[in-house]
Amino acid sequence: EERKMAIHLMAGMTFTRKLSRRTLHLAVQLLTRYFAREDAIFGDWTRPKYLFNAIVSCWLIAHKVEEKELPPLLEDEISIGLLEFNQDTKTLRKHDVLDAEMHIGCVLNFRFHKKIPCDYFDRFLHASLVGDGAQWPHVPNKKLVSLIEYLIDLSLYSKDLVSVHPSLITASAVYLARLTLNITDRYDKTWTDTLAYYTSYSIEDIRDTVKVLSSLQRNANNERKNIFVRKYSRVSIEAAPIPEMLFSF
């Protein structure tokens with residue numbers, strides 16, 4: 001529940017300021033890596049003040065790494081409670097945030113650059129288009145693009161996917177999006193030979209990850225307040241029903 005709350009808060013700050021999805025994914029990854037370390041002094045998920053401080057600090061670090069513009073200026077006291085949160089922890093002092101940023105950097109040895117699913121998005125999307133016989137350059141199906149992005153964003157919720165390689169998450173999202181939209185090549189294959197070649201994953205390799213993503217997608221159907229459902233509904237993407245054939249491949 002705390003992880004979900006943290007993701008909603010980071011997503012709210014990211015989408016409100018119209019930042020890139022890379023910033024959100026890097027921020028969540030930093031927070032996950034930080035709390036996985038035993039020497040994280042702010043690593044107590046049960047203490048809202050420490051958790052909120054770490055969330056904001058990881059998001060600010062990701063903002064500095066990924067965005068061209070500087071993050072919001074910190075006054076002596078800042079209030080970043082864009083989503084509902086414990087009223088006692090909405091206000092953070094500047095030195096609290098700076099101390100947390102420094103400690104997070106030290107704990108992670110200032111290794112902020114790690115692969116995220118977004119890094120593989122363009123390559124795998126191109127492979128999807130070419131595998132269907134499209135000539136390059138070709139305008140991709142907007143619904144396919146949005147659904148892949150939606151599934152990748154939903155993957156942030158799952159603790160089971162924390163240890164999964166980012167490229168496998170992206171490949172699984174491409175497969176599930178194609179399956180949901182019933183996109184196949186001329187040989188009636190959802191997972192084309194081109195996709196298998198450029199992703200280096202067979203259908204068997206992505207099976208378990210696809211099932212995790214499909215479960216997240218199904219659960220999101222029932223969460224009207226889910227921040228990702230609200231975001232992607234603006235581009236006519238609803239949480240699509242999971243085809244029965246998914247579990248038969």
# chains A, B, ... in the order shown; residues from 1 in each chain; ligands from 1
call {"tool": "residues_around", "arguments": {"residues": "stretch 186-197 of chain A", "least_positions_apart": "6", "cutoff": "12 Å", "atoms": "only C-alpha atoms", "output": "JSON, numbers by chain"}}
result
{"A": [123, 124, 125, 126, 127, 128, 129, 130, 131, 132, 133, 134, 168, 170, 171, 172, 173, 174, 175, 176, 177, 178, 179, 180, 203, 204, 205, 206, 207, 245, 246, 249]}
call {"tool": "residues_around", "arguments": {"residues": "A:Pro166", "least_positions_apart": "3", "cutoff": "9 Å", "atoms": "only C-alpha atoms", "output": "list in words"}}
result
Lys115, Ile116, Pro117, Cys118, Asp119, Tyr120, Leu161, Val162, Ser163, Ile169, Thr170 and Ala171 of chain A
call {"tool": "write_last_selection", "arguments": {"atoms": "N, CA and C atoms", "output": "PDB file, in the first residue's frame"}}
result
ATOM      1  N   LYS A 115      19.114   1.247 -16.268  1.00  0.00           N
ATOM      2  CA  LYS A 115      18.165   1.008 -17.346  1.00  0.00           C
ATOM      3  C   LYS A 115      16.738   0.951 -16.793  1.00  0.00           C
ATOM      4  N   ILE A 116      15.818   1.557 -17.542  1.00  0.00           N
ATOM      5  CA  ILE A 116      14.401   1.505 -17.211  1.00  0.00           C
ATOM      6  C   ILE A 116      13.643   1.043 -18.451  1.00  0.00           C
ATOM      7  N   PRO A 117      12.403   0.571 -18.314  1.00  0.00           N
ATOM      8  CA  PRO A 117      11.651   0.075 -19.477  1.00  0.00           C
ATOM      9  C   PRO A 117      11.553   1.075 -20.621  1.00  0.00           C
ATOM     10  N   CYS A 118      11.487   2.361 -20.304  1.00  0.00           N
ATOM     11  CA  CYS A 118      11.366   3.386 -21.350  1.00  0.00           C
ATOM     12  C   CYS A 118      12.538   3.366 -22.318  1.00  0.00           C
ATOM     13  N   ASP A 119      13.700   2.880 -21.871  1.00  0.00           N
ATOM     14  CA  ASP A 119      14.883   2.847 -22.728  1.00  0.00           C
ATOM     15  C   ASP A 119      14.703   1.925 -23.928  1.00  0.00           C
ATOM     16  N   TYR A 120      13.804   0.968 -23.804  1.00  0.00           N
ATOM     17  CA  TYR A 120      13.620  -0.032 -24.872  1.00  0.00           C
ATOM     18  C   TYR A 120      12.351   0.214 -25.677  1.00  0.00           C
ATOM     19  N   LEU A 161       7.891  -7.438 -10.241  1.00  0.00           N
ATOM     20  CA  LEU A 161       8.628  -7.027 -11.437  1.00  0.00           C
ATOM     21  C   LEU A 161       9.865  -6.192 -11.110  1.00  0.00           C
ATOM     22  N   VAL A 162      10.116  -5.953  -9.825  1.00  0.00           N
ATOM     23  CA  VAL A 162      11.268  -5.143  -9.432  1.00  0.00           C
ATOM     24  C   VAL A 162      12.569  -5.788  -9.896  1.00  0.00           C
ATOM     25  N   SER A 163      12.652  -7.106  -9.803  1.00  0.00           N
ATOM     26  CA  SER A 163      13.882  -7.813 -10.169  1.00  0.00           C
ATOM     27  C   SER A 163      13.907  -8.252 -11.634  1.00  0.00           C
ATOM     28  N   ILE A 169      10.148  -6.333 -19.368  1.00  0.00           N
ATOM     29  CA  ILE A 169       8.883  -5.653 -19.069  1.00  0.00           C
ATOM     30  C   ILE A 169       8.340  -4.968 -20.322  1.00  0.00           C
ATOM     31  N   THR A 170       9.217  -4.286 -21.046  1.00  0.00           N
ATOM     32  CA  THR A 170       8.779  -3.592 -22.261  1.00  0.00           C
ATOM     33  C   THR A 170       8.322  -4.581 -23.325  1.00  0.00           C
ATOM     34  N   ALA A 171       9.067  -5.656 -23.512  1.00  0.00           N
ATOM     35  CA  ALA A 171       8.686  -6.667 -24.496  1.00  0.00           C
ATOM     36  C   ALA A 171       7.327  -7.278 -24.150  1.00  0.00           C
TER      37      ALA A 171
END
call {"tool": "residues_around", "arguments": {"residues": "A:Glu66", "least_positions_apart": "4", "cutoff": "9 Å", "atoms": "only C-alpha atoms", "output": "PyMOL selection string"}}
result
chain A and resi 20+22-23+26+61-62
call {"tool": "write_last_selection", "arguments": {"atoms": "N, CA, C and O atoms", "output": "CSV table (one decimal), in the first residue's frame"}}
result
chain,number,residue,atom,x,y,z
A,20,SER,N,8.6,14.1,-18.3
A,20,SER,CA,8.6,12.9,-19.1
A,20,SER,C,8.3,11.7,-18.2
A,20,SER,O,8.5,11.7,-17.0
A,22,ARG,N,10.0,9.1,-18.2
A,22,ARG,CA,11.4,8.7,-17.8
A,22,ARG,C,11.6,9.2,-16.4
A,22,ARG,O,12.2,8.4,-15.6
A,23,THR,N,11.3,10.4,-16.1
A,23,THR,CA,11.5,11.0,-14.8
A,23,THR,C,10.7,10.2,-13.7
A,23,THR,O,11.3,9.8,-12.7
A,26,LEU,N,12.4,6.6,-13.3
A,26,LEU,CA,13.7,6.7,-12.6
A,26,LEU,C,13.5,7.0,-11.2
A,26,LEU,O,14.1,6.4,-10.3
A,61,ILE,N,15.8,14.2,-7.5
A,61,ILE,CA,17.0,13.7,-8.1
A,61,ILE,C,16.7,13.2,-9.5
A,61,ILE,O,17.4,13.6,-10.5
A,62,ALA,N,15.6,12.5,-9.7
A,62,ALA,CA,15.2,12.0,-11.1
A,62,ALA,C,15.0,13.2,-12.0
A,62,ALA,O,15.3,13.2,-13.2
call {"tool": "atom_distance", "arguments": {"atom1": "atom CA of A:Leu19", "atom2": "atom CA of A:Tyr150"}}
result
15.7 Å
call {"tool": "closest_residue", "arguments": {"among": "A:Leu144, A:Glu101, A:Glu67, A:Asn219", "to": "A:Leu24", "atoms": "only C-alpha atoms"}}
result
A:Glu67
call {"tool": "decode", "arguments": {"residues": "stretch 88-123 of chain A", "atoms": "N, CA and C atoms", "output": "PDB file, in the first residue's frame"}}
result
ATOM      1  N   ASP A  88       0.245  16.244   8.476  1.00  0.00           N
ATOM      2  CA  ASP A  88       1.408  16.570   9.292  1.00  0.00           C
ATOM      3  C   ASP A  88       2.719  16.440   8.534  1.00  0.00           C
ATOM      4  N   THR A  89       2.686  15.788   7.370  1.00  0.00           N
ATOM      5  CA  THR A  89       3.938  15.538   6.655  1.00  0.00           C
ATOM      6  C   THR A  89       3.992  16.249   5.311  1.00  0.00           C
ATOM      7  N   LYS A  90       3.001  17.070   5.014  1.00  0.00           N
ATOM      8  CA  LYS A  90       3.009  17.742   3.716  1.00  0.00           C
ATOM      9  C   LYS A  90       4.140  18.767   3.618  1.00  0.00           C
ATOM     10  N   THR A  91       4.413  19.436   4.683  1.00  0.00           N
ATOM     11  CA  THR A  91       5.409  20.509   4.664  1.00  0.00           C
ATOM     12  C   THR A  91       6.774  19.970   5.054  1.00  0.00           C
ATOM     13  N   LEU A  92       7.743  20.203   4.169  1.00  0.00           N
ATOM     14  CA  LEU A  92       9.112  19.767   4.430  1.00  0.00           C
ATOM     15  C   LEU A  92      10.020  20.985   4.454  1.00  0.00           C
ATOM     16  N   ARG A  93      10.994  20.971   5.320  1.00  0.00           N
ATOM     17  CA  ARG A  93      11.969  22.049   5.339  1.00  0.00           C
ATOM     18  C   ARG A  93      13.072  21.773   4.307  1.00  0.00           C
ATOM     19  N   LYS A  94      13.653  22.854   3.823  1.00  0.00           N
ATOM     20  CA  LYS A  94      14.671  22.739   2.787  1.00  0.00           C
ATOM     21  C   LYS A  94      15.814  21.834   3.222  1.00  0.00           C
ATOM     22  N   HIS A  95      16.288  21.997   4.437  1.00  0.00           N
ATOM     23  CA  HIS A  95      17.444  21.204   4.876  1.00  0.00           C
ATOM     24  C   HIS A  95      17.087  19.723   5.008  1.00  0.00           C
ATOM     25  N   ASP A  96      15.812  19.419   5.310  1.00  0.00           N
ATOM     26  CA  ASP A  96      15.388  18.013   5.374  1.00  0.00           C
ATOM     27  C   ASP A  96      15.533  17.344   4.018  1.00  0.00           C
ATOM     28  N   VAL A  97      15.082  18.045   2.986  1.00  0.00           N
ATOM     29  CA  VAL A  97      15.138  17.491   1.631  1.00  0.00           C
ATOM     30  C   VAL A  97      16.575  17.366   1.152  1.00  0.00           C
ATOM     31  N   LEU A  98      17.370  18.386   1.368  1.00  0.00           N
ATOM     32  CA  LEU A  98      18.770  18.352   0.931  1.00  0.00           C
ATOM     33  C   LEU A  98      19.547  17.241   1.641  1.00  0.00           C
ATOM     34  N   ASP A  99      19.302  17.070   2.934  1.00  0.00           N
ATOM     35  CA  ASP A  99      19.958  15.994   3.683  1.00  0.00           C
ATOM     36  C   ASP A  99      19.558  14.635   3.128  1.00  0.00           C
ATOM     37  N   ALA A 100      18.280  14.483   2.816  1.00  0.00           N
ATOM     38  CA  ALA A 100      17.795  13.206   2.279  1.00  0.00           C
ATOM     39  C   ALA A 100      18.396  12.932   0.910  1.00  0.00           C
ATOM     40  N   GLU A 101      18.469  13.960   0.056  1.00  0.00           N
ATOM     41  CA  GLU A 101      19.065  13.784  -1.268  1.00  0.00           C
ATOM     42  C   GLU A 101      20.518  13.325  -1.147  1.00  0.00           C
ATOM     43  N   MET A 102      21.264  13.963  -0.266  1.00  0.00           N
ATOM     44  CA  MET A 102      22.669  13.607  -0.089  1.00  0.00           C
ATOM     45  C   MET A 102      22.806  12.176   0.423  1.00  0.00           C
ATOM     46  N   HIS A 103      21.963  11.803   1.370  1.00  0.00           N
ATOM     47  CA  HIS A 103      22.062  10.452   1.925  1.00  0.00           C
ATOM     48  C   HIS A 103      21.677   9.407   0.888  1.00  0.00           C
ATOM     49  N   ILE A 104      20.653   9.679   0.105  1.00  0.00           N
ATOM     50  CA  ILE A 104      20.251   8.749  -0.953  1.00  0.00           C
ATOM     51  C   ILE A 104      21.392   8.576  -1.948  1.00  0.00           C
ATOM     52  N   GLY A 105      22.043   9.699  -2.311  1.00  0.00           N
ATOM     53  CA  GLY A 105      23.167   9.620  -3.230  1.00  0.00           C
ATOM     54  C   GLY A 105      24.306   8.779  -2.675  1.00  0.00           C
ATOM     55  N   CYS A 106      24.614   8.968  -1.399  1.00  0.00           N
ATOM     56  CA  CYS A 106      25.693   8.196  -0.778  1.00  0.00           C
ATOM     57  C   CYS A 106      25.347   6.710  -0.708  1.00  0.00           C
ATOM     58  N   VAL A 107      24.127   6.397  -0.320  1.00  0.00           N
ATOM     59  CA  VAL A 107      23.708   4.998  -0.208  1.00  0.00           C
ATOM     60  C   VAL A 107      23.773   4.303  -1.572  1.00  0.00           C
ATOM     61  N   LEU A 108      23.412   5.024  -2.624  1.00  0.00           N
ATOM     62  CA  LEU A 108      23.419   4.446  -3.973  1.00  0.00           C
ATOM     63  C   LEU A 108      24.741   4.683  -4.699  1.00  0.00           C
ATOM     64  N   ASN A 109      25.740   5.210  -3.972  1.00  0.00           N
ATOM     65  CA  ASN A 109      27.054   5.510  -4.567  1.00  0.00           C
ATOM     66  C   ASN A 109      26.932   6.453  -5.761  1.00  0.00           C
ATOM     67  N   PHE A 110      25.887   7.292  -5.738  1.00  0.00           N
ATOM     68  CA  PHE A 110      25.620   8.274  -6.785  1.00  0.00           C
ATOM     69  C   PHE A 110      25.476   7.622  -8.165  1.00  0.00           C
ATOM     70  N   ARG A 111      25.075   6.375  -8.168  1.00  0.00           N
ATOM     71  CA  ARG A 111      24.809   5.681  -9.435  1.00  0.00           C
ATOM     72  C   ARG A 111      23.319   5.801  -9.743  1.00  0.00           C
ATOM     73  N   PHE A 112      22.962   6.925 -10.334  1.00  0.00           N
ATOM     74  CA  PHE A 112      21.559   7.207 -10.603  1.00  0.00           C
ATOM     75  C   PHE A 112      21.103   6.657 -11.952  1.00  0.00           C
ATOM     76  N   HIS A 113      22.050   6.400 -12.839  1.00  0.00           N
ATOM     77  CA  HIS A 113      21.691   5.951 -14.181  1.00  0.00           C
ATOM     78  C   HIS A 113      21.579   4.427 -14.224  1.00  0.00           C
ATOM     79  N   LYS A 114      20.368   3.951 -14.300  1.00  0.00           N
ATOM     80  CA  LYS A 114      20.092   2.529 -14.460  1.00  0.00           C
ATOM     81  C   LYS A 114      19.076   2.371 -15.583  1.00  0.00           C
ATOM     82  N   LYS A 115      19.114   1.247 -16.268  1.00  0.00           N
ATOM     83  CA  LYS A 115      18.165   1.008 -17.346  1.00  0.00           C
ATOM     84  C   LYS A 115      16.738   0.951 -16.793  1.00  0.00           C
ATOM     85  N   ILE A 116      15.818   1.557 -17.542  1.00  0.00           N
ATOM     86  CA  ILE A 116      14.401   1.505 -17.211  1.00  0.00           C
ATOM     87  C   ILE A 116      13.643   1.043 -18.451  1.00  0.00           C
ATOM     88  N   PRO A 117      12.403   0.571 -18.314  1.00  0.00           N
ATOM     89  CA  PRO A 117      11.651   0.075 -19.477  1.00  0.00           C
ATOM     90  C   PRO A 117      11.553   1.075 -20.621  1.00  0.00           C
ATOM     91  N   CYS A 118      11.487   2.361 -20.304  1.00  0.00           N
ATOM     92  CA  CYS A 118      11.366   3.386 -21.350  1.00  0.00           C
ATOM     93  C   CYS A 118      12.538   3.366 -22.318  1.00  0.00           C
ATOM     94  N   ASP A 119      13.700   2.880 -21.871  1.00  0.00           N
ATOM     95  CA  ASP A 119      14.883   2.847 -22.728  1.00  0.00           C
ATOM     96  C   ASP A 119      14.703   1.925 -23.928  1.00  0.00           C
ATOM     97  N   TYR A 120      13.804   0.968 -23.804  1.00  0.00           N
ATOM     98  CA  TYR A 120      13.620  -0.032 -24.872  1.00  0.00           C
ATOM     99  C   TYR A 120      12.351   0.214 -25.677  1.00  0.00           C
ATOM    100  N   PHE A 121      11.628   1.249 -25.319  1.00  0.00           N
ATOM    101  CA  PHE A 121      10.312   1.473 -25.931  1.00  0.00           C
ATOM    102  C   PHE A 121      10.401   1.697 -27.441  1.00  0.00           C
ATOM    103  N   ASP A 122      11.229   2.652 -27.879  1.00  0.00           N
ATOM    104  CA  ASP A 122      11.302   2.995 -29.304  1.00  0.00           C
ATOM    105  C   ASP A 122      11.761   1.809 -30.148  1.00  0.00           C
ATOM    106  N   ARG A 123      12.788   1.110 -29.702  1.00  0.00           N
ATOM    107  CA  ARG A 123      13.332  -0.017 -30.460  1.00  0.00           C
ATOM    108  C   ARG A 123      12.289  -1.120 -30.637  1.00  0.00           C
TER     109      ARG A 123
END
